[in-house]
Each structure stands twice: as C-alpha cells, then as structure tokens.
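Before any comments, here is the structure.
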Amino acid sequence: MSLMVHGLDRTEEFYRGLFGWVFEEGPRALGAYRLALLDGGHVAGIGAMAPERRLPVAWTPYLATDDADAATEQVRCCGGTVGVGPLDADAAGRKAICSDPAGAVFGLWQPRRVPEVERRARPGTPVWNDLLVAEPTLVAKFYELVFGYDVRSEGDTATLHVQGRPVASVCAADEETLRETGPHWTTHFEVADVDASVARAVELGGRLVREPHETAAGRMAEVADVEGARFTLVRSPR
C-alpha cells in the first residue's frame, strides 16, 4: 500500500495517532518516502508529491508480480496505462504505477525477496481491497490476464483469488459514486473498535464519509484522512 501526499509530516502524524504506526526513511526513487511499520513489520509507504503536482490524494494498492517489466507490457497489451516505471526502489524491489482500462490506479511490485505473509488480521494493517467500477466483469478480466488471478463472479461482484484464496473484489459502483471519485481502489484497515477509531480519526483532523454499519465482512465505516484520502475501517468477524 502506498499514499502520495502534499504534507508528509502532517499525514504521518495522523496515521501514527490512528494506527500506532512508526516510520523510517524508505526508498527515494520518487523523492521523499517513508515506510510505516507496526510491531517491526512494514505495512505501508507514504511519499511526498512534488510541490507543483496537485493531484488527488488516494491510497494505492500494490499488486505482486514476479516480473515488473513483463507485467507492465501486459498492462499495455490489455488496455491499461503505465504512468510511472518500471523502476528500482533502491534494493527493496522494482515497481510501476499503472491504471486499468476503467482508469483506476494501482501499483506493480516485484520484491527482491519473497515477503513473509501473515494471514491474521491485526489492528492497524490493511486486510482487503475493493475496486469500484461500472462494469466489474470486464475490468476483472483485465486483472485476470495481467496477473493470472482466478476470477469468481457472483451478481455484481467479481472476487480475485490466488491459489484458492480471495485477495480482492471488483464491485459495481453507482453513477453518483463514479461521478464523485471515478473508478478507484479502496483499502480496508483492520481496527479493534470501528466506532472508537472513527472518533479518533476525526479528532486527528480526518472526517467521516460513511457511518459505521454492519456487513457480512464485519462492522465498517469509511473515513478520509487529513488530505482527503478515503479508506475503510473494519472490525473483521472473529
């Protein structure tokens, strides 16, 4: 997960206060960049935009690949766009920033070493990503062709699987949502208490986007951080 912002220090303070993250300097391939850690493990990265760039601020998921260069070529062949890279992120790996045929932005990540994957949802960690688009089945086909995901569709949702394990969803968004935010990925962060975390986010300068509510995947609420980046807080079923 990566977030590019205008005010790096202020954003770092927000997420430190909300999730308990600590930060260390990260790869500087794209300028000032800090890695967020929780209990010694990396959970996300936050970088600073160039002052002249006034782009929307949003969380970007990075999708793993064994070959970032080959994957970027496949993105182009399947109707997507490569905006940045591929390029080396110091010794950590190789990355690129792309968009799918619907226009939703995502990253490619080729790590130099295989990361240790923890299945257990811990408060303060990203646990799920949803892609909101007008035509889920068509867009899910793009991700199937580029990454080899097994796509399983039900109604207006397509779920992406790796080795039988669900890893993300491609969901139908209504016209109002698409007018407001466009096709986009949204990240879910695990918390111990959704309502308390919403209150804390607002206290730290964020805002509530969607009230806490119950779903089959747990209690959720959508919030925005100090620069407007939206994300979901979730308490997964136990």
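Labeling convention for the structure tokens: chains A, B, ... as they appear, residues from 1 per chain, ligands from 1 in order of appearance.
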
- Query: Can you list every residue in region 159-205 of chain A that DSSP puts in strand (DSSP E), as a list in words?
  - Reply: Thr159, Leu160, His161, Val162, Arg165, Pro166, Val167, Ala168, Ser169, Val170, Cys171, Ala172, His184, Trp185, Thr186, Thr187, His188, Phe189 and Glu190 of chain A

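Every protein, DNA or RNA residue with an atom at most 8 Å from region 195-203 of chain A, where only C-alpha atoms count and chain neighbours fewer than 4 positions away do not, is listed here: Phe14, Gly17, Leu18, Val191, Arg207, Leu208, Pro212, Ala221, Val223, Asp225 and Leu233 of chain A.
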
Store the residues picked out above, limited to N, CA and C atoms, as an mmCIF file, in the first residue's frame.
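The file below, result.cif, is the result:
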data_model
loop_
_atom_site.group_PDB
_atom_site.id
_atom_site.type_symbol
_atom_site.label_atom_id
_atom_site.label_comp_id
_atom_site.auth_asym_id
_atom_site.auth_seq_id
_atom_site.Cartn_x
_atom_site.Cartn_y
_atom_site.Cartn_z
ATOM 1 N N PHE A 14 -1.036 11.852 11.506
ATOM 2 C CA PHE A 14 -2.400 11.320 11.503
ATOM 3 C C PHE A 14 -2.384 9.801 11.649
ATOM 4 N N GLY A 17 -1.142 8.477 14.990
ATOM 5 C CA GLY A 17 -2.157 8.604 16.028
ATOM 6 C C GLY A 17 -3.311 7.644 15.868
ATOM 7 N N LEU A 18 -3.636 7.284 14.617
ATOM 8 C CA LEU A 18 -4.783 6.414 14.370
ATOM 9 C C LEU A 18 -4.437 4.935 14.519
ATOM 10 N N VAL A 191 -9.253 -2.677 12.535
ATOM 11 C CA VAL A 191 -9.189 -1.955 13.807
ATOM 12 C C VAL A 191 -9.864 -2.797 14.886
ATOM 13 N N ARG A 207 -12.153 13.064 8.567
ATOM 14 C CA ARG A 207 -13.611 13.257 8.558
ATOM 15 C C ARG A 207 -14.303 11.926 8.277
ATOM 16 N N LEU A 208 -15.538 11.849 8.719
ATOM 17 C CA LEU A 208 -16.359 10.670 8.481
ATOM 18 C C LEU A 208 -17.015 10.781 7.112
ATOM 19 N N PRO A 212 -20.582 4.105 10.634
ATOM 20 C CA PRO A 212 -20.376 2.680 10.936
ATOM 21 C C PRO A 212 -21.638 1.871 10.671
ATOM 22 N N ALA A 221 -16.739 1.345 8.547
ATOM 23 C CA ALA A 221 -17.028 2.760 8.355
ATOM 24 C C ALA A 221 -15.996 3.303 7.384
ATOM 25 N N VAL A 223 -13.790 6.610 6.192
ATOM 26 C CA VAL A 223 -13.297 7.895 6.664
ATOM 27 C C VAL A 223 -12.328 8.463 5.631
ATOM 28 N N ASP A 225 -8.635 10.925 5.488
ATOM 29 C CA ASP A 225 -7.557 11.447 6.333
ATOM 30 C C ASP A 225 -7.433 12.960 6.181
ATOM 31 N N LEU A 233 -12.435 1.515 7.633
ATOM 32 C CA LEU A 233 -12.083 0.878 8.893
ATOM 33 C C LEU A 233 -12.986 -0.331 9.084
#

- Might you pull out every residue within 10 Å of region 153-164 of chain A, with only C-alpha atoms counted and same-chain residues fewer than 2 positions away left off, and present them as an NGL selection string? :A and (130-132 or 134-141 or 143-144 or 147-151 or 166-173)

- Query: Neighbours of region 183-188 of chain A within 9 Å (only C-alpha atoms; same-chain residues fewer than 4 positions away dropped), as a ChimeraX atom specification?
  - Reply: /A:1,58-61,102-106,125-134,170,173,177-179,220,222,230-234

Take the residues just selected and output them with N, CA, C and O atoms as a short mmCIF file (atom, residue, chain, number, x, y, z; two decimals), in the first residue's frame.
data_model
loop_
_atom_site.label_atom_id
_atom_site.label_comp_id
_atom_site.auth_asym_id
_atom_site.auth_seq_id
_atom_site.Cartn_x
_atom_site.Cartn_y
_atom_site.Cartn_z
N MET A 1 0.84 -1.19 0.00
CA MET A 1 0.00 0.00 0.00
C MET A 1 0.88 1.24 0.00
O MET A 1 1.89 1.30 0.70
N ALA A 58 -4.89 9.60 -2.68
CA ALA A 58 -5.63 8.35 -2.53
C ALA A 58 -4.67 7.21 -2.25
O ALA A 58 -3.53 7.20 -2.74
N TRP A 59 -5.11 6.24 -1.46
CA TRP A 59 -4.33 5.04 -1.23
C TRP A 59 -4.26 4.21 -2.51
O TRP A 59 -5.26 4.06 -3.22
N THR A 60 -3.07 3.69 -2.79
CA THR A 60 -2.85 2.87 -3.98
C THR A 60 -2.38 1.48 -3.57
O THR A 60 -1.35 1.35 -2.91
N PRO A 61 -3.13 0.43 -3.95
CA PRO A 61 -2.66 -0.92 -3.66
C PRO A 61 -1.56 -1.33 -4.63
O PRO A 61 -1.59 -0.94 -5.80
N ALA A 102 -10.49 0.91 -16.89
CA ALA A 102 -11.52 1.80 -16.35
C ALA A 102 -10.93 3.10 -15.83
O ALA A 102 -11.66 4.04 -15.55
N GLY A 103 -9.60 3.14 -15.64
CA GLY A 103 -8.94 4.33 -15.14
C GLY A 103 -8.53 4.26 -13.69
O GLY A 103 -7.95 5.22 -13.16
N ALA A 104 -8.78 3.15 -13.00
CA ALA A 104 -8.39 3.01 -11.60
C ALA A 104 -6.88 2.78 -11.50
O ALA A 104 -6.32 1.95 -12.23
N VAL A 105 -6.25 3.48 -10.57
CA VAL A 105 -4.79 3.44 -10.43
C VAL A 105 -4.38 2.32 -9.47
O VAL A 105 -5.01 2.12 -8.42
N PHE A 106 -3.32 1.61 -9.82
CA PHE A 106 -2.75 0.58 -8.95
C PHE A 106 -1.25 0.52 -9.19
O PHE A 106 -0.73 1.08 -10.16
N THR A 125 -3.43 -2.85 10.21
CA THR A 125 -2.90 -3.41 8.97
C THR A 125 -3.97 -3.42 7.89
O THR A 125 -5.15 -3.57 8.17
N PRO A 126 -3.56 -3.29 6.62
CA PRO A 126 -4.52 -3.43 5.52
C PRO A 126 -4.92 -4.88 5.36
O PRO A 126 -4.07 -5.77 5.38
N VAL A 127 -6.22 -5.14 5.24
CA VAL A 127 -6.71 -6.52 5.19
C VAL A 127 -7.50 -6.84 3.93
O VAL A 127 -7.76 -8.01 3.65
N TRP A 128 -7.87 -5.83 3.15
CA TRP A 128 -8.68 -6.09 1.97
C TRP A 128 -8.67 -4.88 1.06
O TRP A 128 -8.44 -3.75 1.52
N ASN A 129 -8.91 -5.10 -0.24
CA ASN A 129 -9.07 -4.02 -1.20
C ASN A 129 -10.27 -4.29 -2.09
O ASN A 129 -10.45 -5.41 -2.57
N ASP A 130 -11.09 -3.27 -2.30
CA ASP A 130 -12.20 -3.32 -3.24
C ASP A 130 -11.91 -2.36 -4.39
O ASP A 130 -11.39 -1.25 -4.17
N LEU A 131 -12.25 -2.78 -5.60
CA LEU A 131 -12.17 -1.91 -6.77
C LEU A 131 -13.59 -1.57 -7.19
O LEU A 131 -14.40 -2.47 -7.46
N LEU A 132 -13.91 -0.28 -7.25
CA LEU A 132 -15.24 0.18 -7.60
C LEU A 132 -15.24 0.69 -9.04
O LEU A 132 -14.53 1.65 -9.36
N VAL A 133 -16.03 0.04 -9.90
CA VAL A 133 -16.08 0.37 -11.32
C VAL A 133 -17.52 0.21 -11.82
O VAL A 133 -18.39 -0.30 -11.11
N ALA A 134 -17.74 0.60 -13.07
CA ALA A 134 -19.08 0.47 -13.64
C ALA A 134 -19.37 -0.96 -14.10
O ALA A 134 -20.49 -1.44 -13.97
N VAL A 170 -13.81 -6.85 -7.14
CA VAL A 170 -14.15 -5.83 -8.12
C VAL A 170 -15.67 -5.67 -8.07
O VAL A 170 -16.41 -6.62 -8.35
N ALA A 173 -20.13 0.05 -8.92
CA ALA A 173 -20.37 1.32 -8.22
C ALA A 173 -21.50 2.06 -8.92
O ALA A 173 -21.66 1.97 -10.14
N THR A 177 -21.35 7.66 -7.20
CA THR A 177 -20.00 7.39 -6.69
C THR A 177 -18.96 7.62 -7.78
O THR A 177 -17.91 8.24 -7.54
N LEU A 178 -19.24 7.13 -8.98
CA LEU A 178 -18.28 7.27 -10.06
C LEU A 178 -18.13 8.73 -10.49
O LEU A 178 -17.03 9.15 -10.88
N ARG A 179 -19.20 9.51 -10.42
CA ARG A 179 -19.08 10.95 -10.73
C ARG A 179 -18.22 11.65 -9.70
O ARG A 179 -17.44 12.56 -10.03
N MET A 220 -18.08 -1.84 9.64
CA MET A 220 -17.25 -0.99 8.79
C MET A 220 -17.67 0.46 8.89
O MET A 220 -18.80 0.78 9.25
N GLU A 222 -16.40 4.30 6.60
CA GLU A 222 -15.45 4.93 5.67
C GLU A 222 -15.07 6.30 6.21
O GLU A 222 -15.94 7.08 6.62
N ARG A 230 -9.46 8.59 1.17
CA ARG A 230 -10.50 7.78 1.79
C ARG A 230 -10.02 6.35 2.03
O ARG A 230 -9.25 5.80 1.23
N PHE A 231 -10.51 5.76 3.09
CA PHE A 231 -10.24 4.35 3.37
C PHE A 231 -11.30 3.84 4.32
O PHE A 231 -12.07 4.61 4.90
N THR A 232 -11.37 2.52 4.43
CA THR A 232 -12.39 1.87 5.24
C THR A 232 -11.77 1.30 6.52
O THR A 232 -10.70 0.69 6.47
N LEU A 233 -12.44 1.51 7.63
CA LEU A 233 -12.08 0.88 8.89
C LEU A 233 -12.99 -0.33 9.08
O LEU A 233 -14.20 -0.22 8.87
N VAL A 234 -12.42 -1.47 9.44
CA VAL A 234 -13.22 -2.68 9.56
C VAL A 234 -12.81 -3.47 10.78
O VAL A 234 -11.62 -3.55 11.13
#

- Query: Hey, what's within 8 Å of Gly31 (chain A) if we count only C-alpha atoms and toss same-chain stuff fewer than 6 positions away? As a PyMOL selection string, please?
  - Reply: chain A and resi 47-49

With C-alpha atoms retained, export the selected residues as a PDB file, in the first residue's frame.
ATOM      1  CA  GLY A  47       5.620   9.680  -0.008  1.00  0.00           C
ATOM      2  CA  ALA A  48       5.665  13.387  -0.794  1.00  0.00           C
ATOM      3  CA  MET A  49       4.367  14.718  -4.103  1.00  0.00           C
TER       4      MET A  49
END
